[in-house]
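Right, one structure below, let's go through it.
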Amino acid sequence: MFILTALPIQTVMMLLCLSVSSWTTDHQWGLVYSLPNAEHPLIKYGLMFIFLDFLDYVYHVTMHNVKAFWRFHLVHHSDQAVDVSTTVREHPGESFIRNCFLILWVFLTGASLEILLLRQLAQTTANLSSHSSIRLPPLAARVVGWLFITPNLHHVHHHFQLPATNRNYGDVFSLWDRLFGTFANLTLADTQFGLQTHMDGSIDARLLALMGHGRKLLAK
Ligand SMILES: [Zn+2]
């Protein structure tokens with residue numbers, strides 16, 4: 001049901017995003033064109049990929065800290081059984097906001113169609129694996145986690161209590177969490193999925209009730 005509700009929004013906004021990207025390329029508009037050697041693959045693909053990952057970190061922090069946005073994002077967090085299906089557990093309101101941010105990032109940076117495709121591929125792989133219930137063994141988790149967000153690290157973000165919920169915001173790279181002090185580790189034994197304020201799991205079988213999860217937040 002979440003895929004069905006997100007699909008029309010995702011399709012329309014992705015087409016809009018691709019038009020904006022195509023416009024920025026045609027008009028050489030955006031941050032990337034102000035850099036020296038903008039056409040060099042290391043800048044055009046490498047640096048842009050890293051920068052877009054940083055902007056995804058900014059987006060995720062914003063979703064947690066702006067109350068009007070959190071009411072949508074908390075639907076993703078209220079899952080008490082995190083696995084790959086959690087990846088698509090997204091309120092349609094968040095699908096809309098996420099794509100608005102993406103269009104803004106593309107307009108500001110001048111991201112090309114190629115980098116958007118590359119980014120989408122990496123992001124989908126990272127999101128599916130980070131929500132997976134398969135955790136890496138401790139040594140592999142430590143080594144891979146130096147650079148990437150592993151399932152072990154993203155599980156911390158789905159712990160039901162603060163401050164863990166506000167840790168490990170990263171999408172592909174763990175660098176931003178380390179840089180901005182939002183990095184944390186937690187063992188599986190200490191991790192409990194869900195959200196302290198929304199622990200009624202029976203609501204998961206009722207899509208409309210689930211969509212209204214954040215309503216009481218705005219009423220406050
Ligand atoms: Zn989150």
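Lettering and numbering for the structure tokens are positional, with chains as A, B, ... in the shown order, residues counted from 1 in each chain, and ligands counted from 1 in the shown order.
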
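Close contacts of Ser130 in chain A, defined as residues with an atom at most 7 Å away when counting only C-alpha atoms, with chain neighbours fewer than 6 positions off set aside, comprise Ile149, Thr150, Pro151 and His154 of chain A.
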
Shell of 8 Å around ligand 1 (only C-alpha atoms and all ligand atoms), written as an MDAnalysis selection string
chainID A and resid 60:61 63:64 73:74 76:77 157:158 165:166 169

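Of the residues listed (A:Cys17, A:Met48, A:Val75, A:Leu104), A:Val75 shows the shortest atom-to-atom separation from Ala209 in chain A; distances use only C-alpha atoms.
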
Range 68-181 of chain A residues near range 21-25 of chain A within 8 Å, closest pair each, using only C-alpha atoms, as CSV:
residue,atom,partner,partner_atom,distance
A:Val106,CA,A:Ser21,CA,6.1
A:Phe107,CA,A:Thr24,CA,6.7
A:Gly110,CA,A:Thr24,CA,5.3
A:Ala111,CA,A:Ser21,CA,6.1
A:Ser112,CA,A:Ser21,CA,5.6
A:Leu113,CA,A:Ser21,CA,6.1

Identify, on the basis of only C-alpha atoms, every residue whose closest approach to range 91-99 of chain A does not exceed 10 Å; exclude the query and any residue fewer than 3 positions from it along the same chain; express the result as a VMD selection string.
chain A and resid 2 to 10 12 to 14 16 to 17 56 59 to 60 63 69 to 76 88 102 to 105 207 210 to 213

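Coordinates place CA of Asn127 in chain A at a distance of 18.2 Å from CA of Ala184 in chain A.
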
Apply DSSP to the backbone of this structure and, from chain A, keep only the residues in alpha helix (DSSP H); write these as a ChimeraX atom specification.
/A:2-26,41,48-65,67-77,92-109,113-130,138-145,151-157,175-179,207-211,215-219

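For Tyr57 in chain A, the residues within 9 Å (counting only C-alpha atoms, excluding itself and residues fewer than 3 positions away along the chain) are Leu52, Asp53, Phe54, His60, Val61, Thr62, Tyr169, Gly170, Asp171, Trp176 and Asp177 of chain A.
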
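Separating CA of Leu35 in chain A from CA of Val20 in chain A is a distance of 19.8 Å.
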
If you run DSSP on the backbone here, which positions in range 124-211 of chain A get strand (DSSP E or B)? Please write them as number ranges by chain.
A: 148, 159, 173, 193

For Pro41 in chain A, the nearest of the candidates A:Ile115, A:Leu188, A:Val144, A:Leu121, counting only C-alpha atoms
A:Ile115
